[in-house]
2 protein chains.
Amino acid sequence: MSRMPERVNICECWARDGIQGEDQFIPTEKKIAILNRMVDVGFKRIEATSFAHPKLVRQFSDSLEVLKGIKRPPEVTFIAIIPNDKGLDRLLEACHQGYGVQEITAILSASEDHLLANLERTFEEALPPLADLVKRARQAGIKVIGCIGTAFGCPLAGEVPLEKIIELTDWYLDKGATSIMLGDTTGEANPRQVREIFGRMKDRFPGVDFIAHFHDTRGMGLANTLAALQEGVVLHDSSFGGMGGQPATRRPKYHKGFAGNACTEDMVLMMEEMGIQTGLNIDEVIDTGIMAEELCGRSLLGHVTRSGPVRHRSPRPFSLQELRVNGEIAPALLFAEKVKESLSGQALAGYVIREALAKNWPVPESLRISTDGVSIRGELGGRDILVTRFKVLEIKKEKNEGILEVLSQKANGDVFMEGKTILTFSG
Amino acid sequence: MSRMPERVNICECWARDGIQGEDQFIPTEKKIAILNRMVDVGFKRIEATSFAHPKLVRQFSDSLEVLKGIKRPPEVTFIAIIPNDKGLDRLLEACHQGYGVQEITAILSASEDHLLANLERTFEEALPPLADLVKRARQAGIKVIGCIGTAFGCPLAGEVPLEKIIELTDWYLDKGATSIMLGDTTGEANPRQVREIFGRMKDRFPGVDFIAHFHDTRGMGLANTLAALQEGVVLHDSSFGGMGGQPATRRPKYHKGFAGNACTEDMVLMMEEMGIQTGLNIDEVIDTGIMAEELCGRSLLGHVTRSGPVRHRSPRPFSLQELRVNGEIAPALLFAEKVKESLSGQALAGYVIREALAKNWPVPESLRISTDGVSIRGELGGRDILVTRFKVLEIKKEKNEGILEVLSQKANGDVFMEGKTILTFSG
């Protein structure tokens with residue numbers, strides 16, 4: 001696992017790949033609401049929309065309104081798919097008016113058969129206008145992702161030779177693309193192949209940013225993501241609820257089943273559990289996944305949305321020594337005293353317990369809780385299973401925050417969890 | 001990936017772990033039907049039932065009838081879970097009457113809290129009778145899987161120290177267990193942890209057969225399976241449709257969501273696509289997955305059941321040279337002639353095409369087929385995409401079989417697929 005990155009950057013694709021196969025039109029304000037939520041949650045790369053012809057893919061007939069409506073903090077890169085010159089014209093006009101994107105995706109397939117099925121073009125027909133499109137975008141200061149679809153196999157043409165992927169990568173880079181996406185368009189990749197292709201591509205193009213874009217069509221989305229991580233891939237695509245698939249046009253269906261992207265909420269959890277930093281809070285990610293389900297009005301395929309995260313592995317574990325320098329675990333009254341002007345001890349204990357339950361502790365249904373100052377005792381079937389105590393480290397009254405040390409011990413004294421936690425008390 | 005095995009042995013767990021959480025009782029004859037199907041499909045390890053107390057888990061109140069009803073070719077190992085002495089008494093009686101199992105699973109949890117929640121016992125209470133159970137089973141000639149549940153984390157107790165897993169493994173081996181199962185009972189494992197734990201366990205116990213038993217609760221079933229493969233694990237558990245989870249008793253619910261095992265059909269495809277031999281035919285595995293869905297009367301979570309396999313990667317690729325030693329690809333009439341006594345050329349062409357479509361070739365909806373002897377031409381949007389020709393290698397009339405060479409070429413002459421295929425013509 002030597003190439004495994006410490007940090008990744010996940011591009012959330014729900015608002016484009018995620019919904020492009022949906023027959024129902026998702027109202028513009030709802031698209032904007034979820035995009036804004038993604039921004040709040042902390043995604044730094046967000047695929048916002050597609051400039052496919054509005055008549056071809058009705059879902060994106062509101063692409064300009066969507067871009068107009070979303071909030072745009074400077075640290076977030078918004079991305080749009082631009083299939084052709086007319087799409088770029090519309091985007092550049094939007095950029096001119098201040099609501100463009102910083103990055104576009106240019107589309108090719110490694111398989112000419114898929115290129116034909118998807119864009120109705122041969123390579124010979126597709127490459128010259130695409131070269132022009134990349135050049136114009138770059139001249140306008142827009143970065144370009146060179147997407148190579150069906151890179152791991154094509155449902156129409158079968159295997160795709162690595163030489164073709166290398167050739168198209170060379171072509172894209174020559175034309176000015178700033179990163180290269182290897183797309184498993186119809187979920188045909190397997191982990192061995194992913195390691196081989198990404199491994200060889202990264203060896204061959206050491207300075208290039210590669211994007212791993214997997215579909216979960218055959219259930220291998222996360223396994224393939226793991227394989228890409230093992231080859232050092234930092235940029236990953238995903239979609240809430242594992243949504244996505246072939247665009248809803250009238251063209252022949254070449255992609256069926258659970259055709260969506262690798263699932264955002266499950267991917268974030270896997271990476272965080274592995275100690276790879278996504279910069280995202282899993283609880284907020286899960287909430288957004290639930291929001292996506294509500295928007296679509298049906299159950300999606302996110303697992304973590306249903307199970308909840310793994311509570312007990314703190315993303316940043318503290319060593320015992322590091323914790324103990326501040327002295328013994330103190331009774332909760334200390335904490336209560338420190339904020340007594342703003343909050344009663346009892347109410348504070350309530351906050352502490354609620355936050356602790358929400359953030360640190362899996363709760364069996366039969367759990368009973370008793371408070372003793374600010375400590376928690378859990379019982380299951382008449383037996384004590386866990387006792388948690390808190391020690392105040394710092395109170396930031398102006399921010400309504402307290403930083404606590406947490407020590408959870410099982411009834412036999414074994415340490416279950418220890419770490420720092422930030423509690424907010426807004427009431 | 002140096003430890004990756006060339007062959008694996010998948011234990012199908014549907015009839016035990018798969019259905020133990022189902023509220024509806026699955027009729028005995030249906031359980032028998034699917035178990036017999038698993039045997040036909042080629043599973044060599046099959047978890048057939050549980051000897052949990054019939055009142056505690058009603059689903060297994062028919063465990064003896066199930067064992068009585070199934071076919072038992074000698075190459076298949078049947079497995080049952082035996083939670084206690086009374087279960088073993090019942091099983092030994094069944095063995096005595098000729099319908100027992102060759103292997104049992106003895107249950108422990110790495111976490112005492114889970115042991116309490118699951119079996120209502122502490123280690124102190126659980127170990128002595130379990131030692132006796134293992135001993136009695138071994139004396140009766142039955143192999144024993146030493147299951148260590150919650151090995152990757154417990155929803156009640158949190159992290160589980162590796163030392164505990166080592167201690168229990170030592171204990172099991174000392175008592176006579178013949179293999180060790182590390183169970184991710186509630187889907188808390190992540191691939192980094194899986195590699196670490198299996199890696200360290202295999203280093204520590206080099207001669208021991210370890211079984212990887214993952215739940216897909218957080219969508220990581222296949223990613224964790226990949227990690228276990230990377231550490232050389234050969235024995236894997238799975239369940240059709242990703243079914244499974246906490247037994248349906250009245251005890252508190254500690255496992256929610258898509259709580260099932262790693263999905264059999266998706267796991268088989270992943271392994272086969274990676275070139276790891278499962279000894280199973282993916283089409284037959286998918287058919288069995290569909291049968292499991294029909295039995296349960298609802299959609300399950302198998303992906304491959306919906307997408308179909310990746311058609312274009314032949315499990316055993318042939319080199320061009322290897323194929324060409326038999327001479328040129330011949331027109332189909334040769335084949336038709338060879339079997340003209342039993343079948344007309346036209347009818348045979350039909351079989352060939354049907355079989356070729358079923359086994360080797362993904363079919364876009366707009367495909368048109370024209371036969372020219374026994375060749376197939378596919379068109380999409382007015383453009384030729386693929387031509388497939390067959391050459392007869394051998395006809396086994398008594399078996400109604402023909403072995404053909406297949407060569408598929410794209411219109412531009414690129415080879416798309418080549419290999420051998422067996423055609424049966426039963427009509």
# chains A, B, ... in the order shown; residues from 1 in each chain; ligands from 1

call {"tool": "closest_atom_pairs", "arguments": {"of": "range 160-251 of chain B", "to": "range 41-61 of chain B", "cutoff": "12 Å", "atoms": "only C-alpha atoms", "output": "Markdown table"}}
result
| residue | atom | partner | partner_atom | distance |
| --- | --- | --- | --- | --- |
| B:Ile211 | CA | B:Arg45 | CA | 11.7 |
| B:Leu235 | CA | B:Arg45 | CA | 9.4 |
| B:His236 | CA | B:Arg45 | CA | 9.8 |
| B:Asp237 | CA | B:Glu47 | CA | 9.2 |
| B:Ser238 | CA | B:Glu47 | CA | 9.9 |
| B:Ser239 | CA | B:Glu47 | CA | 9.7 |
| B:Phe240 | CA | B:Ile46 | CA | 11.8 |
| B:Gln246 | CA | B:Val57 | CA | 10.7 |
| B:Pro247 | CA | B:Val57 | CA | 6.9 |
| B:Ala248 | CA | B:Val57 | CA | 6.2 |
| B:Thr249 | CA | B:Leu56 | CA | 5.8 |
| B:Arg250 | CA | B:Leu56 | CA | 8.0 |
| B:Arg251 | CA | B:Leu56 | CA | 9.6 |

call {"tool": "residues_around", "arguments": {"residues": "Phe198 in chain A", "least_positions_apart": "5", "cutoff": "10 Å", "atoms": "only C-alpha atoms", "output": "short mmCIF file (atom, residue, chain, number, x, y, z; two decimals) with C-alpha atoms, in the first residue's frame"}}
result
data_model
loop_
_atom_site.label_atom_id
_atom_site.label_comp_id
_atom_site.auth_asym_id
_atom_site.auth_seq_id
_atom_site.Cartn_x
_atom_site.Cartn_y
_atom_site.Cartn_z
CA LEU A 182 -10.24 7.38 -16.60
CA GLN A 193 -7.15 -4.19 -13.89
CA ASP A 203 4.41 5.56 -14.21
CA ARG A 204 4.11 6.78 -17.75
CA PHE A 210 -5.58 11.34 -12.78
CA ILE A 211 -9.22 11.10 -11.78
CA ALA A 212 -10.79 7.72 -10.95
CA ALA A 227 -7.33 -0.39 -5.98
CA ALA A 228 -6.98 3.17 -7.34
CA LEU A 229 -6.00 4.40 -3.87
CA GLN A 230 -3.35 1.70 -3.71
CA GLU A 231 -1.91 3.19 -6.89
CA GLY A 232 -1.87 6.64 -5.34
CA VAL A 233 -4.90 8.19 -7.05
#

call {"tool": "select_by_dssp", "arguments": {"residues": "range 80-225 of chain B", "states": "helix (DSSP H, G or I)", "output": "ChimeraX atom specification"}}
result
/B:85-96,112-119,123-139,162-175,191-204,221-225

call {"tool": "atom_distance", "arguments": {"atom1": "CA of Met38 in chain A", "atom2": "CA of Thr264 in chain A"}}
result
11.2 Å

call {"tool": "closest_residue", "arguments": {"among": "A:Gly98, A:Val8, A:Ile81, A:Met201", "to": "Glu167 in chain A", "atoms": "only C-alpha atoms"}}
result
A:Met201

call {"tool": "residues_around", "arguments": {"residues": "Cys147 in chain A", "least_positions_apart": "2", "cutoff": "12 Å", "atoms": "only C-alpha atoms", "output": "CSV table (one decimal) with N, CA and C atoms, in the first residue's frame"}}
result
chain,number,residue,atom,x,y,z
A,81,ILE,N,-19.9,19.4,-17.6
A,81,ILE,CA,-19.6,18.6,-18.8
A,81,ILE,C,-20.0,19.5,-20.0
A,82,ILE,N,-19.1,19.6,-20.9
A,82,ILE,CA,-19.3,20.3,-22.2
A,82,ILE,C,-19.1,19.3,-23.3
A,83,PRO,N,-20.2,18.9,-23.9
A,83,PRO,CA,-20.1,17.9,-25.0
A,83,PRO,C,-19.7,18.5,-26.3
A,104,ILE,N,-14.0,22.3,-16.8
A,104,ILE,CA,-15.0,21.6,-17.6
A,104,ILE,C,-14.5,20.2,-17.9
A,105,THR,N,-15.4,19.3,-18.2
A,105,THR,CA,-15.0,18.0,-18.6
A,105,THR,C,-15.3,17.8,-20.1
A,106,ALA,N,-14.2,17.5,-20.8
A,106,ALA,CA,-14.3,17.2,-22.3
A,106,ALA,C,-14.4,15.6,-22.4
A,107,ILE,N,-15.3,15.2,-23.3
A,107,ILE,CA,-15.6,13.8,-23.4
A,107,ILE,C,-15.1,13.1,-24.6
A,108,LEU,N,-14.4,12.0,-24.3
A,108,LEU,CA,-14.0,11.0,-25.3
A,108,LEU,C,-14.2,9.6,-24.7
A,109,SER,N,-14.3,8.6,-25.6
A,109,SER,CA,-14.3,7.2,-25.1
A,109,SER,C,-13.1,6.5,-25.7
A,110,ALA,N,-12.6,5.6,-24.9
A,110,ALA,CA,-11.4,4.8,-25.4
A,110,ALA,C,-11.9,3.9,-26.5
A,115,LEU,N,-18.1,5.7,-28.4
A,115,LEU,CA,-18.1,7.1,-28.9
A,115,LEU,C,-19.3,7.3,-29.8
A,130,LEU,N,-13.1,18.7,-30.8
A,130,LEU,CA,-12.8,18.7,-29.4
A,130,LEU,C,-11.5,19.4,-29.1
A,134,VAL,N,-11.2,22.4,-26.3
A,134,VAL,CA,-10.2,22.4,-25.2
A,134,VAL,C,-9.4,23.7,-25.3
A,144,VAL,N,-9.4,22.1,-17.9
A,144,VAL,CA,-10.1,21.0,-18.7
A,144,VAL,C,-9.7,19.6,-18.2
A,145,ILE,N,-10.7,18.9,-17.8
A,145,ILE,CA,-10.6,17.5,-17.5
A,145,ILE,C,-10.7,16.7,-18.8
A,149,GLY,N,-13.7,7.8,-21.4
A,149,GLY,CA,-14.7,6.9,-21.0
A,149,GLY,C,-14.4,5.5,-21.5
A,150,THR,N,-15.1,4.5,-20.9
A,150,THR,CA,-14.9,3.1,-21.2
A,150,THR,C,-13.5,2.7,-21.2
A,151,ALA,N,-12.7,3.3,-20.3
A,151,ALA,CA,-11.3,3.0,-20.2
A,151,ALA,C,-11.0,1.6,-19.7
A,165,ILE,N,-5.6,4.2,-24.5
A,165,ILE,CA,-5.7,5.2,-23.3
A,165,ILE,C,-4.5,6.1,-23.3
A,168,LEU,N,-4.8,8.6,-26.2
A,168,LEU,CA,-5.7,9.7,-25.9
A,168,LEU,C,-5.2,10.6,-24.8
A,169,THR,N,-4.5,10.1,-23.8
A,169,THR,CA,-4.0,10.9,-22.8
A,169,THR,C,-2.9,11.9,-23.4
A,171,TRP,N,-2.8,12.9,-26.4
A,171,TRP,CA,-3.6,13.8,-27.2
A,171,TRP,C,-4.2,15.0,-26.4
A,172,TYR,N,-4.8,14.5,-25.3
A,172,TYR,CA,-5.5,15.5,-24.4
A,172,TYR,C,-4.4,16.5,-23.8
A,173,LEU,N,-3.3,15.9,-23.3
A,173,LEU,CA,-2.3,16.8,-22.7
A,173,LEU,C,-1.7,17.8,-23.7
A,177,ALA,N,-5.3,19.9,-21.8
A,177,ALA,CA,-6.1,19.4,-20.7
A,177,ALA,C,-5.2,19.4,-19.4
A,178,THR,N,-5.9,19.7,-18.3
A,178,THR,CA,-5.2,19.9,-17.0
A,178,THR,C,-5.2,18.7,-16.1
A,179,SER,N,-6.1,17.7,-16.4
A,179,SER,CA,-6.1,16.5,-15.7
A,179,SER,C,-6.8,15.4,-16.6
A,180,ILE,N,-6.6,14.2,-16.3
A,180,ILE,CA,-7.1,13.1,-17.1
A,180,ILE,C,-8.0,12.2,-16.3
A,181,MET,N,-9.3,12.0,-16.7
A,181,MET,CA,-10.2,11.1,-16.0
A,181,MET,C,-10.3,9.8,-16.8
A,182,LEU,N,-10.0,8.7,-16.0
A,182,LEU,CA,-10.2,7.4,-16.6
A,182,LEU,C,-11.6,6.9,-16.1
A,183,GLY,N,-12.5,6.8,-17.0
A,183,GLY,CA,-13.9,6.6,-16.7
A,183,GLY,C,-14.3,5.1,-16.9
A,184,ASP,N,-14.8,4.5,-15.9
A,184,ASP,CA,-15.4,3.1,-16.0
A,184,ASP,C,-16.9,3.3,-16.3
A,185,THR,N,-17.1,3.7,-17.5
A,185,THR,CA,-18.5,4.2,-17.8
A,185,THR,C,-19.6,3.3,-17.5
A,209,ASP,N,-2.4,14.7,-13.1
A,209,ASP,CA,-3.4,14.4,-12.1
A,209,ASP,C,-4.4,13.5,-12.8
A,210,PHE,N,-4.6,12.3,-12.3
A,210,PHE,CA,-5.6,11.3,-12.8
A,210,PHE,C,-6.8,11.3,-11.9
A,211,ILE,N,-8.0,11.2,-12.5
A,211,ILE,CA,-9.2,11.1,-11.8
A,211,ILE,C,-9.8,9.7,-12.0
A,212,ALA,N,-10.1,9.0,-10.9
A,212,ALA,CA,-10.8,7.7,-11.0
A,212,ALA,C,-12.3,7.9,-10.9
A,213,HIS,N,-12.9,7.4,-11.9
A,213,HIS,CA,-14.4,7.6,-12.1
A,213,HIS,C,-15.0,6.2,-12.3
A,237,ASP,N,-14.2,10.3,-8.1
A,237,ASP,CA,-15.6,10.8,-8.4
A,237,ASP,C,-16.5,9.9,-7.7

call {"tool": "closest_residue", "arguments": {"among": "B:Thr28, B:Gln20, B:Gln139, B:Thr217", "to": "chain A", "atoms": "only C-alpha atoms"}}
result
B:Thr217

call {"tool": "select_by_dssp", "arguments": {"residues": "range 109-149 of chain B", "states": "strand (DSSP E)", "output": "number ranges by chain"}}
result
B: 109, 143-149

call {"tool": "residues_around", "arguments": {"residues": "Arg298 in chain A", "least_positions_apart": "4", "cutoff": "12 Å", "atoms": "only C-alpha atoms", "output": "ChimeraX atom specification"}}
result
/A:22,24,241,243,289-294,302

call {"tool": "write_last_selection", "arguments": {"atoms": "N, CA and C atoms", "output": "short mmCIF file (atom, residue, chain, number, x, y, z; two decimals), in the first residue's frame"}}
result
data_model
loop_
_atom_site.label_atom_id
_atom_site.label_comp_id
_atom_site.auth_asym_id
_atom_site.auth_seq_id
_atom_site.Cartn_x
_atom_site.Cartn_y
_atom_site.Cartn_z
N GLU A 22 -32.05 9.98 -14.71
CA GLU A 22 -33.37 10.08 -14.10
C GLU A 22 -34.41 10.51 -15.12
N GLN A 24 -37.50 11.49 -14.21
CA GLN A 24 -38.19 12.64 -13.63
C GLN A 24 -37.26 13.86 -13.62
N GLY A 241 -25.93 8.33 -2.90
CA GLY A 241 -26.87 7.23 -3.10
C GLY A 241 -26.47 6.31 -4.22
N MET A 243 -26.11 7.06 -7.25
CA MET A 243 -26.93 7.37 -8.44
C MET A 243 -26.03 7.59 -9.67
N GLY A 289 -26.80 12.68 1.92
CA GLY A 289 -27.28 11.48 1.23
C GLY A 289 -28.77 11.28 1.47
N ILE A 290 -29.20 11.51 2.70
CA ILE A 290 -30.63 11.37 3.01
C ILE A 290 -31.42 12.43 2.25
N MET A 291 -30.87 13.62 2.16
CA MET A 291 -31.50 14.71 1.39
C MET A 291 -31.66 14.30 -0.08
N ALA A 292 -30.64 13.65 -0.64
CA ALA A 292 -30.71 13.20 -2.03
C ALA A 292 -31.83 12.17 -2.20
N GLU A 293 -31.98 11.30 -1.22
CA GLU A 293 -33.07 10.31 -1.28
C GLU A 293 -34.42 11.00 -1.24
N GLU A 294 -34.54 11.99 -0.37
CA GLU A 294 -35.82 12.70 -0.27
C GLU A 294 -36.14 13.41 -1.58
N GLY A 302 -27.13 3.93 -0.99
CA GLY A 302 -26.13 4.21 0.04
C GLY A 302 -26.30 3.26 1.22
#

call {"tool": "residues_around", "arguments": {"residues": "Ala131 in chain B", "least_positions_apart": "4", "cutoff": "7 Å", "atoms": "only C-alpha atoms", "output": "number ranges by chain"}}
result
B: 127, 135, 175

call {"tool": "closest_residue", "arguments": {"among": "A:Ile286, A:Ile197, A:Ala117, A:Ile142", "to": "chain B", "atoms": "only C-alpha atoms"}}
result
A:Ala117

call {"tool": "closest_residue", "arguments": {"among": "A:Leu67, A:Ala223, A:Val101, A:Val39", "to": "chain B", "atoms": "only C-alpha atoms"}}
result
A:Ala223

call {"tool": "atom_distance", "arguments": {"atom1": "CA of Gly100 in chain A", "atom2": "CA of Ile79 in chain A"}}
result
9.0 Å
